[in-house]
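K.L.:
Okay, so here is target.cif, and as you'll see once you scroll down, it has mmCIF, C-alpha atoms.
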```cif
data_model
loop_
_atom_site.label_atom_id
_atom_site.label_comp_id
_atom_site.auth_asym_id
_atom_site.auth_seq_id
_atom_site.Cartn_x
_atom_site.Cartn_y
_atom_site.Cartn_z
CA GLN L 1495 -6.09 -10.79 -8.11
CA SER L 1496 -3.19 -10.04 -10.39
CA ALA L 1497 -0.74 -7.25 -9.69
CA LEU L 1498 -0.78 -4.28 -12.02
CA THR L 1499 2.09 -4.40 -14.52
CA GLN L 1500 4.93 -1.89 -14.29
CA PRO L 1501 8.36 -1.88 -15.96
CA ALA L 1502 10.99 -3.29 -13.62
CA SER L 1503 13.27 -0.31 -14.09
CA VAL L 1504 13.42 3.13 -15.67
CA SER L 1505 16.42 5.41 -15.77
CA GLY L 1506 17.21 8.94 -16.80
CA SER L 1507 19.77 11.68 -16.45
CA PRO L 1508 19.31 14.64 -14.12
CA GLY L 1509 16.91 17.16 -15.64
CA GLN L 1510 15.30 14.67 -17.97
CA SER L 1511 11.71 13.45 -17.84
CA ILE L 1512 10.73 9.83 -17.38
CA THR L 1513 7.38 8.07 -17.45
CA ILE L 1514 6.39 4.92 -15.59
CA SER L 1515 3.45 2.94 -16.90
CA CYS L 1516 0.99 0.92 -14.83
CA THR L 1517 -1.20 -1.46 -16.80
CA GLY L 1518 -4.25 -3.09 -15.32
CA THR L 1519 -7.59 -4.31 -16.60
CA SER L 1520 -11.17 -3.22 -16.95
CA SER L 1521 -11.66 -4.54 -13.41
CA ASP L 1522 -9.37 -1.96 -11.86
CA VAL L 1523 -7.52 0.86 -13.64
CA GLY L 1524 -9.93 0.87 -16.54
CA THR L 1525 -12.99 1.38 -14.35
CA TYR L 1526 -11.92 3.68 -11.55
CA THR L 1527 -10.12 7.00 -11.16
CA TYR L 1528 -8.81 5.64 -7.85
CA VAL L 1529 -5.24 5.23 -9.04
CA SER L 1530 -2.48 6.26 -6.68
CA TRP L 1531 1.31 6.23 -6.74
CA TYR L 1532 3.76 5.57 -3.91
CA GLN L 1533 7.45 6.35 -3.63
CA GLN L 1534 9.67 4.16 -1.48
CA HIS L 1535 13.30 4.91 -0.76
CA PRO L 1536 15.49 1.96 0.33
CA GLY L 1537 14.67 0.84 3.85
CA LYS L 1538 11.91 3.42 4.18
CA VAL L 1539 8.13 3.38 4.45
CA PRO L 1540 6.18 3.99 1.22
CA GLN L 1541 4.72 7.48 0.83
CA PHE L 1542 1.94 8.47 -1.51
CA ILE L 1543 2.77 11.09 -4.11
CA ILE L 1544 -0.29 10.93 -6.37
CA TYR L 1545 -3.93 10.01 -5.72
CA ASP L 1546 -7.10 9.98 -7.79
CA VAL L 1547 -4.97 9.55 -10.95
CA ASN L 1548 -3.50 13.05 -11.02
CA LYS L 1549 -3.85 14.80 -7.67
CA ARG L 1550 -0.79 15.74 -5.64
CA PRO L 1551 -0.86 16.00 -1.85
CA SER L 1552 0.57 19.12 -0.30
CA GLY L 1553 4.32 18.96 -0.03
CA VAL L 1554 4.86 16.81 -3.12
CA SER L 1555 6.81 18.46 -5.91
CA ASN L 1556 4.89 19.49 -9.02
CA ARG L 1557 7.56 17.61 -10.97
CA PHE L 1558 5.41 14.54 -10.29
CA SER L 1559 2.29 14.17 -12.39
CA GLY L 1560 -0.16 11.39 -13.13
CA SER L 1561 -2.50 10.46 -15.94
CA LYS L 1562 -4.63 7.61 -17.17
CA SER L 1563 -5.83 6.28 -20.51
CA GLY L 1564 -7.96 3.19 -20.68
CA ASN L 1565 -6.44 0.41 -18.61
CA THR L 1566 -3.07 2.14 -18.25
CA ALA L 1567 -2.04 4.80 -15.76
CA SER L 1568 1.22 6.70 -15.91
CA LEU L 1569 3.49 8.63 -13.59
CA THR L 1570 5.76 11.25 -15.10
CA ILE L 1571 8.70 12.71 -13.26
CA SER L 1572 9.99 15.83 -14.94
CA GLY L 1573 13.30 17.53 -14.20
CA LEU L 1574 14.66 14.30 -12.72
CA GLN L 1575 16.73 14.82 -9.56
CA PRO L 1576 19.04 12.50 -7.65
CA GLU L 1577 16.59 12.29 -4.74
CA ASP L 1578 13.98 10.82 -7.11
CA GLU L 1579 15.97 7.59 -7.19
CA ALA L 1580 13.59 5.16 -5.47
CA ASP L 1581 11.04 2.43 -6.07
CA TYR L 1582 7.63 3.49 -7.31
CA PHE L 1583 4.40 1.52 -6.97
CA CYS L 1584 1.01 2.22 -8.48
CA SER L 1585 -2.24 1.10 -6.89
CA SER L 1586 -5.85 0.89 -7.97
CA TYR L 1587 -9.20 0.11 -6.47
CA THR L 1588 -10.91 -2.91 -8.03
CA THR L 1589 -14.41 -4.05 -8.85
CA HIS L 1590 -14.04 -6.66 -6.11
CA ASN L 1591 -13.80 -3.92 -3.43
CA THR L 1592 -10.11 -4.58 -2.98
CA LEU L 1593 -6.92 -2.67 -3.67
CA VAL L 1594 -4.16 -3.96 -5.91
CA PHE L 1595 -0.57 -2.74 -6.21
CA GLY L 1596 1.66 -2.64 -9.22
CA THR L 1597 4.77 -4.78 -9.55
CA GLY L 1598 6.99 -1.81 -8.82
CA THR L 1599 9.53 0.21 -10.81
CA LYS L 1600 13.06 1.05 -9.75
CA VAL L 1601 13.99 4.53 -10.92
CA SER L 1602 17.68 5.21 -11.38
CA VAL L 1603 19.20 8.64 -11.91
CA LEU L 1604 22.26 8.25 -14.08
CA GLN S 321 -3.25 13.50 12.87
CA VAL S 322 -3.41 9.73 12.52
CA ARG S 323 -0.45 7.72 13.74
CA LEU S 324 -0.04 3.96 13.46
CA GLN S 325 2.32 1.53 15.19
CA GLU S 326 2.58 -2.19 14.53
CA SER S 327 3.49 -4.73 17.18
CA GLY S 328 3.84 -8.48 17.27
CA PRO S 329 6.32 -11.37 17.22
CA GLY S 330 9.19 -11.08 14.78
CA LEU S 331 9.53 -14.85 14.41
CA VAL S 332 6.79 -17.38 13.67
CA LYS S 333 7.21 -21.11 13.12
CA PRO S 334 6.03 -22.72 9.87
CA SER S 335 2.41 -23.87 10.06
CA GLY S 336 1.92 -21.49 12.97
CA THR S 337 -0.19 -18.34 13.31
CA LEU S 338 1.01 -14.82 12.65
CA SER S 339 -0.65 -12.17 14.81
CA LEU S 340 -0.04 -8.45 14.51
CA THR S 341 -1.66 -5.44 16.11
CA CYS S 342 -1.73 -1.86 14.91
CA ALA S 343 -2.19 0.78 17.61
CA VAL S 344 -4.01 3.86 16.36
CA SER S 345 -3.44 7.29 17.87
CA GLY S 346 -4.72 10.73 16.98
CA VAL S 347 -8.12 9.47 15.91
CA SER S 348 -10.68 6.88 16.92
CA VAL S 349 -10.83 3.58 15.04
CA THR S 350 -14.54 4.33 14.75
CA SER S 351 -13.83 7.40 12.64
CA THR S 352 -14.27 7.52 8.85
CA HIS S 353 -11.12 5.58 8.02
CA TRP S 354 -10.39 2.26 6.42
CA TRP S 355 -7.75 0.31 8.35
CA THR S 356 -5.43 -1.61 6.08
CA TRP S 357 -2.66 -4.20 6.11
CA VAL S 358 0.06 -4.34 3.44
CA ARG S 359 3.12 -6.58 3.29
CA GLN S 360 6.41 -6.54 1.43
CA PRO S 361 8.56 -9.68 1.14
CA PRO S 362 12.32 -9.08 1.18
CA GLY S 363 13.43 -7.40 -2.03
CA LYS S 364 9.94 -7.56 -3.52
CA GLY S 365 6.93 -5.35 -4.09
CA LEU S 366 3.95 -4.35 -2.03
CA GLU S 367 1.01 -6.70 -1.54
CA TRP S 368 -2.36 -5.51 -0.27
CA ILE S 369 -3.55 -7.94 2.42
CA GLY S 370 -6.92 -6.53 3.40
CA GLU S 371 -8.78 -3.74 5.17
CA ILE S 372 -11.64 -3.07 7.50
CA TYR S 373 -14.04 -0.28 8.33
CA HIS S 374 -15.19 -0.20 11.93
CA THR S 375 -18.72 -1.20 10.97
CA GLY S 376 -17.31 -4.16 8.99
CA PRO S 377 -17.18 -6.56 7.21
CA PRO S 378 -13.52 -6.67 6.20
CA GLU S 379 -12.29 -7.00 2.63
CA TYR S 380 -9.53 -9.52 1.95
CA ASN S 381 -7.02 -10.30 -0.76
CA PRO S 382 -8.55 -13.38 -2.42
CA SER S 383 -5.20 -15.18 -2.35
CA LEU S 384 -5.06 -14.92 1.46
CA LYS S 385 -8.74 -15.00 2.35
CA SER S 386 -8.87 -18.60 3.59
CA ARG S 387 -6.12 -17.92 6.17
CA LEU S 388 -6.84 -14.34 7.11
CA THR S 389 -8.77 -12.46 9.78
CA ILE S 390 -8.72 -8.68 10.21
CA SER S 391 -10.59 -7.12 13.10
CA VAL S 392 -11.04 -3.88 15.01
CA ASP S 393 -10.86 -3.53 18.80
CA LYS S 394 -12.72 -0.35 19.67
CA SER S 395 -11.91 -0.59 23.38
CA LYS S 396 -8.17 -0.53 22.67
CA ASN S 397 -8.33 1.72 19.62
CA GLN S 398 -6.43 -0.76 17.50
CA PHE S 399 -6.89 -3.23 14.69
CA SER S 400 -5.36 -6.62 14.15
CA LEU S 401 -4.28 -9.18 11.60
CA ILE S 402 -4.26 -12.95 12.07
CA LEU S 403 -2.76 -15.16 9.37
CA THR S 404 -2.86 -18.91 9.92
CA SER S 405 -0.85 -21.83 8.48
CA VAL S 406 2.11 -19.62 7.62
CA THR S 407 4.99 -20.67 5.41
CA ALA S 408 8.30 -19.09 4.44
CA ALA S 409 6.43 -17.27 1.70
CA ASP S 410 4.73 -15.20 4.40
CA THR S 411 8.06 -13.74 5.51
CA ALA S 412 7.78 -10.00 4.96
CA VAL S 413 7.63 -6.55 6.45
CA TYR S 414 4.03 -6.04 7.46
CA TYR S 415 2.70 -2.50 7.39
CA CYS S 416 -0.52 -1.18 8.80
CA ALA S 417 -1.92 1.81 6.97
CA SER S 418 -5.08 3.85 6.69
CA ARG S 419 -7.14 5.67 4.13
CA GLY S 420 -9.76 8.29 4.78
CA ASP S 421 -11.68 10.49 2.39
CA TYR S 422 -9.71 9.32 -0.62
CA VAL S 423 -8.77 5.88 -1.92
CA VAL S 424 -5.12 6.22 -1.04
CA LEU S 425 -3.06 4.92 1.86
CA ASP S 426 -2.05 8.26 3.30
CA VAL S 427 -0.76 7.11 6.69
CA TRP S 428 1.56 4.16 7.26
CA GLY S 429 3.11 2.53 10.29
CA GLN S 430 6.84 1.95 10.45
CA GLY S 431 6.47 -1.72 9.54
CA SER S 432 6.96 -4.95 11.45
CA ASN S 433 9.49 -7.47 10.17
CA VAL S 434 8.12 -11.00 10.42
CA ILE S 435 10.22 -14.06 9.64
CA VAL S 436 8.69 -17.50 9.27
CA SER S 437 11.29 -20.05 10.26
CA SER S 438 11.78 -23.00 12.56
#
```
Will you turn the file into structure tokens for me?
P.N.:
Amino acid sequence: QSALTQPASVSGSPGQSITISCTGTSSDVGTYTYVSWYQQHPGKVPQFIIYDVNKRPSGVSNRFSGSKSGNTASLTISGLQPEDEADYFCSSYTTHNTLVFGTGTKVSVL
Amino acid sequence: QVRLQESGPGLVKPSGTLSLTCAVSGVSVTSTHWWTWVRQPPGKGLEWIGEIYHTGPPEYNPSLKSRLTISVDKSKNQFSLILTSVTAADTAVYYCASRGDYVVLDVWGQGSNVIVSS
């Protein structure tokens, strides 16, 4: 199975909004609303910040939001803060009863 | 509250077998959770390896399926990963994780660093 496609890097200034795309196929993102997003700080364990396309677990800032259109899901971080600097990975369930991750995006806060 | 802890050798020889165990605490492995393995090569992204529900059968990443076995040990409340014929490309941090009511890995272990080298 092929990894979902994400931009290698996205950057923004504090307070700005950025959006990370996650492009899959009709066998994964395009079929299911089971898209999730994970944040990973250097040397740390990944933590989920979005599930079911646009749901936030308790404790995650409402500055993080998710959406999906067709085969592409997106994560938007509004009001960018220095602590948002991390790697972000999307994930989707697939028609083969597997999970697939995105290639990952490094977010830099300028 | 589910807690997970990986254990296993940190060094495996090429062509050898990688074996890891994930101890589960806070819940039974026979509960309504999927038990998952994920790996991350140095400096690279996450790769889903496979997962298992206690009633089986496991689901595997097609690229690893021919070398992979994931199983649950109900008596020890743990699940395991066995990867055969390893190469340097299998060097990675291996995480065990779980998902419950939703299709999201909401609990992760701390990760086990595995190096394949002679």
K.L.:
Sorted by chain and rising residue number, list the residues of chain S at most 9 Å from chain L (counting all atoms listed in the file), each with its closest atom pair and distance in Å to one decimal, as a Markdown table.
P.N.:
```
| residue | atom | partner | partner_atom | distance |
| --- | --- | --- | --- | --- |
| S:Lys364 | CA | L:Gly1598 | CA | 8.4 |
| S:Gly365 | CA | L:Thr1597 | CA | 5.9 |
| S:Leu366 | CA | L:Phe1595 | CA | 6.4 |
| S:Glu367 | CA | L:Phe1595 | CA | 6.3 |
| S:Trp368 | CA | L:Val1594 | CA | 6.1 |
| S:Ile369 | CA | L:Leu1593 | CA | 8.7 |
| S:Gly370 | CA | L:Thr1592 | CA | 7.4 |
| S:Glu371 | CA | L:Thr1592 | CA | 8.3 |
| S:Glu379 | CA | L:Thr1592 | CA | 6.5 |
| S:Tyr380 | CA | L:Thr1592 | CA | 7.0 |
| S:Asn381 | CA | L:Thr1592 | CA | 6.9 |
| S:Pro382 | CA | L:Gln1495 | CA | 6.7 |
| S:Ser383 | CA | L:Gln1495 | CA | 7.3 |
| S:Tyr415 | CA | L:Val1539 | CA | 8.5 |
| S:Tyr422 | CA | L:Asp1546 | CA | 7.7 |
| S:Val423 | CA | L:Tyr1528 | CA | 5.9 |
| S:Val424 | CA | L:Tyr1545 | CA | 6.1 |
| S:Leu425 | CA | L:Phe1542 | CA | 7.0 |
| S:Asp426 | CA | L:Phe1542 | CA | 6.3 |
| S:Val427 | CA | L:Gln1541 | CA | 8.0 |
| S:Trp428 | CA | L:Val1539 | CA | 7.2 |
| S:Gly429 | CA | L:Val1539 | CA | 7.7 |
| S:Gln430 | CA | L:Val1539 | CA | 6.3 |
| S:Gly431 | CA | L:Val1539 | CA | 7.4 |
```
K.L.:
Those residues with C-alpha atoms, as a tab-separated table (two decimals), keeping the file's coordinate frame please?
P.N.:
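For reference, out.tsv as written:
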```
chain	number	residue	atom	x	y	z
S	364	LYS	CA	9.94	-7.56	-3.52
S	365	GLY	CA	6.93	-5.35	-4.09
S	366	LEU	CA	3.95	-4.35	-2.03
S	367	GLU	CA	1.01	-6.70	-1.54
S	368	TRP	CA	-2.36	-5.51	-0.27
S	369	ILE	CA	-3.55	-7.94	2.42
S	370	GLY	CA	-6.92	-6.53	3.40
S	371	GLU	CA	-8.78	-3.74	5.17
S	379	GLU	CA	-12.29	-7.00	2.63
S	380	TYR	CA	-9.53	-9.52	1.95
S	381	ASN	CA	-7.02	-10.30	-0.76
S	382	PRO	CA	-8.55	-13.38	-2.42
S	383	SER	CA	-5.20	-15.18	-2.35
S	415	TYR	CA	2.70	-2.50	7.39
S	422	TYR	CA	-9.71	9.32	-0.62
S	423	VAL	CA	-8.77	5.88	-1.92
S	424	VAL	CA	-5.12	6.22	-1.04
S	425	LEU	CA	-3.06	4.92	1.86
S	426	ASP	CA	-2.05	8.26	3.30
S	427	VAL	CA	-0.76	7.11	6.69
S	428	TRP	CA	1.56	4.16	7.26
S	429	GLY	CA	3.11	2.53	10.29
S	430	GLN	CA	6.84	1.95	10.45
S	431	GLY	CA	6.47	-1.72	9.54
```
K.L.:
Hey, can I get the axis-aligned box for region 348-356 of chain S? All listed atoms, 3 Å padding on each side, centre and edge lengths in Å to one decimal, as AutoDock Vina command-line options.
P.N.:
```
--center_x -10.0 --center_y 3.0 --center_z 11.5 --size_x 15.1 --size_y 15.1 --size_z 16.8
```
K.L.:
Output the residue selection produced by the PyMOL selection byres ((chain S and resi 340-348) around 7) on the file above, formatted as a VMD selection string.
P.N.:
chain S and resid 321 to 328 338 to 339 349 to 351 397 to 402 416
K.L.:
Would you kindly return, as a ChimeraX atom specification, each protein, DNA or RNA residue with an atom no farther than 8 Å from any atom of Gly1506 (chain L), considering only C-alpha atoms and excluding same-chain residues fewer than 2 positions away?
P.N.:
/L:1504,1508,1510-1512,1574,1602-1604
K.L.:
Residues as selected, C-alpha atoms, written as a compact mmCIF listing (two decimals), in the coordinates of the input, can you do that?
P.N.:
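Below is the file that was written, result18.txt:
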```
# COMPACT_ATOMS: atom_id res chain seq x y z
CA VAL L 1504 13.42 3.13 -15.67
CA PRO L 1508 19.31 14.64 -14.12
CA GLN L 1510 15.30 14.67 -17.97
CA SER L 1511 11.71 13.45 -17.84
CA ILE L 1512 10.73 9.83 -17.38
CA LEU L 1574 14.66 14.30 -12.72
CA SER L 1602 17.68 5.21 -11.38
CA VAL L 1603 19.20 8.64 -11.91
CA LEU L 1604 22.26 8.25 -14.08
```
K.L.:
Report as a PyMOL selection string the full result of the PyMOL selection byres ((chain L and resi 1580) around 6) when it is applied to this structure.
P.N.:
chain L and resi 1534-1535+1578-1579+1581+1600-1601
K.L.:
Which residues are near Arg387 (chain S)? Cut-off 7 Å, all atoms listed in the file, ignore same chain within fewer than 4 positions. Put them as a VMD selection string.
P.N.:
chain S and resid 403 to 405
K.L.:
Next, write the just-selected residues to a file, as a PDB file, keeping the file's coordinate frame, keeping C-alpha atoms as the atom set.
P.N.:
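File produced: result00.pdb:
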```
ATOM      1  CA  LEU S 403      -2.760 -15.160   9.370  1.00  0.00           C
ATOM      2  CA  THR S 404      -2.860 -18.910   9.920  1.00  0.00           C
ATOM      3  CA  SER S 405      -0.850 -21.830   8.480  1.00  0.00           C
TER       4      SER S 405
END
```
K.L.:
Enumerate, as a list of chain:residue names, the residues matched when the PyMOL selection byres ((chain S and resi 406) around 8) is run on the file above.
P.N.:
S:Val332, S:Lys333, S:Pro334, S:Ser335, S:Gly336, S:Thr337, S:Leu338, S:Leu403, S:Thr404, S:Ser405, S:Thr407, S:Ala408, S:Ala409, S:Asp410, S:Val436
K.L.:
For the selection you just gave me, I'd like the residues written to a file as a PDB file, in the coordinates of the input, keeping C-alpha atoms.
P.N.:
```pdb
ATOM      1  CA  VAL S 332       6.790 -17.380  13.670  1.00  0.00           C
ATOM      2  CA  LYS S 333       7.210 -21.110  13.120  1.00  0.00           C
ATOM      3  CA  PRO S 334       6.030 -22.720   9.870  1.00  0.00           C
ATOM      4  CA  SER S 335       2.410 -23.870  10.060  1.00  0.00           C
ATOM      5  CA  GLY S 336       1.920 -21.490  12.970  1.00  0.00           C
ATOM      6  CA  THR S 337      -0.190 -18.340  13.310  1.00  0.00           C
ATOM      7  CA  LEU S 338       1.010 -14.820  12.650  1.00  0.00           C
ATOM      8  CA  LEU S 403      -2.760 -15.160   9.370  1.00  0.00           C
ATOM      9  CA  THR S 404      -2.860 -18.910   9.920  1.00  0.00           C
ATOM     10  CA  SER S 405      -0.850 -21.830   8.480  1.00  0.00           C
ATOM     11  CA  THR S 407       4.990 -20.670   5.410  1.00  0.00           C
ATOM     12  CA  ALA S 408       8.300 -19.090   4.440  1.00  0.00           C
ATOM     13  CA  ALA S 409       6.430 -17.270   1.700  1.00  0.00           C
ATOM     14  CA  ASP S 410       4.730 -15.200   4.400  1.00  0.00           C
ATOM     15  CA  VAL S 436       8.690 -17.500   9.270  1.00  0.00           C
TER      16      VAL S 436
END
```
K.L.:
For CA of Ser437 (chain S) and CA of Val358 (chain S), quote the distance in Å rounded to one decimal.
P.N.:
20.5 Å
K.L.:
Taking into account only C-alpha atoms, which residue in the set L:Ser1521, L:Ser1568, L:Ser1515, L:Gln1533 is nearest to Asn1548 (chain L)?
P.N.:
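Using only C-alpha atoms, the shortest distance to Asn1548 (chain L) belongs to L:Ser1568.
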K.L.:
Contacts of Phe1558 (chain L) at 9 Å or less, counting only C-alpha atoms, minus same-chain residues fewer than 6 places along, as a list of chain:residue names?
P.N.:
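Result of the neighbour search: L:Ile1543, L:Ile1544, L:Arg1550, L:Leu1569, L:Thr1570, L:Ile1571, L:Ser1572.
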K.L.:
Is it possible to add N, CA and C atoms to region 1527-1557 of chain L and hand it back as a compact mmCIF listing (two decimals), in the frame of the given file?
P.N.:
```
# COMPACT_ATOMS: atom_id res chain seq x y z
N THR L 1527 -11.14 5.95 -11.20
CA THR L 1527 -10.12 7.00 -11.16
C THR L 1527 -9.37 6.94 -9.83
N TYR L 1528 -9.50 5.81 -9.13
CA TYR L 1528 -8.81 5.64 -7.85
C TYR L 1528 -7.44 5.00 -8.05
N VAL L 1529 -6.61 5.67 -8.83
CA VAL L 1529 -5.24 5.23 -9.04
C VAL L 1529 -4.32 6.13 -8.22
N SER L 1530 -3.44 5.51 -7.48
CA SER L 1530 -2.48 6.26 -6.68
C SER L 1530 -1.08 5.74 -6.93
N TRP L 1531 -0.10 6.56 -6.57
CA TRP L 1531 1.31 6.23 -6.74
C TRP L 1531 2.04 6.45 -5.42
N TYR L 1532 2.97 5.52 -5.14
CA TYR L 1532 3.76 5.57 -3.91
C TYR L 1532 5.24 5.56 -4.26
N GLN L 1533 5.99 6.32 -3.49
CA GLN L 1533 7.45 6.35 -3.63
C GLN L 1533 8.04 5.69 -2.40
N GLN L 1534 9.03 4.82 -2.61
CA GLN L 1534 9.67 4.16 -1.48
C GLN L 1534 11.18 4.19 -1.65
N HIS L 1535 11.84 4.92 -0.78
CA HIS L 1535 13.30 4.91 -0.76
C HIS L 1535 13.77 3.66 0.00
N PRO L 1536 14.99 3.19 -0.29
CA PRO L 1536 15.49 1.96 0.33
C PRO L 1536 15.39 1.99 1.86
N GLY L 1537 14.79 0.96 2.41
CA GLY L 1537 14.67 0.84 3.85
C GLY L 1537 13.64 1.75 4.49
N LYS L 1538 12.88 2.45 3.67
CA LYS L 1538 11.91 3.42 4.18
C LYS L 1538 10.47 2.96 3.95
N VAL L 1539 9.56 3.66 4.60
CA VAL L 1539 8.13 3.38 4.45
C VAL L 1539 7.62 4.03 3.16
N PRO L 1540 6.75 3.36 2.43
CA PRO L 1540 6.18 3.99 1.22
C PRO L 1540 5.43 5.27 1.58
N GLN L 1541 5.46 6.23 0.65
CA GLN L 1541 4.72 7.48 0.83
C GLN L 1541 3.96 7.77 -0.46
N PHE L 1542 2.71 8.21 -0.31
CA PHE L 1542 1.94 8.47 -1.51
C PHE L 1542 2.34 9.82 -2.10
N ILE L 1543 2.40 9.86 -3.43
CA ILE L 1543 2.77 11.09 -4.11
C ILE L 1543 1.69 11.54 -5.11
N ILE L 1544 0.82 10.62 -5.47
CA ILE L 1544 -0.29 10.93 -6.37
C ILE L 1544 -1.51 10.13 -5.91
N TYR L 1545 -2.69 10.74 -5.97
CA TYR L 1545 -3.93 10.01 -5.72
C TYR L 1545 -5.00 10.46 -6.71
N ASP L 1546 -6.05 9.68 -6.82
CA ASP L 1546 -7.10 9.98 -7.79
C ASP L 1546 -6.53 10.31 -9.17
N VAL L 1547 -5.62 9.49 -9.62
CA VAL L 1547 -4.97 9.55 -10.95
C VAL L 1547 -3.96 10.67 -11.06
N ASN L 1548 -4.36 11.91 -10.70
CA ASN L 1548 -3.50 13.05 -11.02
C ASN L 1548 -3.45 14.13 -9.94
N LYS L 1549 -3.88 13.81 -8.74
CA LYS L 1549 -3.85 14.80 -7.67
C LYS L 1549 -2.60 14.62 -6.81
N ARG L 1550 -1.99 15.76 -6.47
CA ARG L 1550 -0.79 15.74 -5.64
C ARG L 1550 -1.12 16.21 -4.24
N PRO L 1551 -0.67 15.49 -3.22
CA PRO L 1551 -0.86 16.00 -1.85
C PRO L 1551 0.06 17.18 -1.62
N SER L 1552 -0.28 17.99 -0.64
CA SER L 1552 0.57 19.12 -0.30
C SER L 1552 1.95 18.62 0.10
N GLY L 1553 2.96 19.32 -0.37
CA GLY L 1553 4.32 18.96 -0.03
C GLY L 1553 5.02 18.12 -1.08
N VAL L 1554 4.27 17.59 -2.03
CA VAL L 1554 4.86 16.81 -3.12
C VAL L 1554 5.17 17.73 -4.29
N SER L 1555 6.36 17.60 -4.82
CA SER L 1555 6.81 18.46 -5.91
C SER L 1555 5.89 18.37 -7.13
N ASN L 1556 5.70 19.49 -7.80
CA ASN L 1556 4.89 19.49 -9.02
C ASN L 1556 5.65 18.87 -10.20
N ARG L 1557 6.84 18.37 -9.93
CA ARG L 1557 7.56 17.61 -10.97
C ARG L 1557 6.93 16.22 -11.16
```
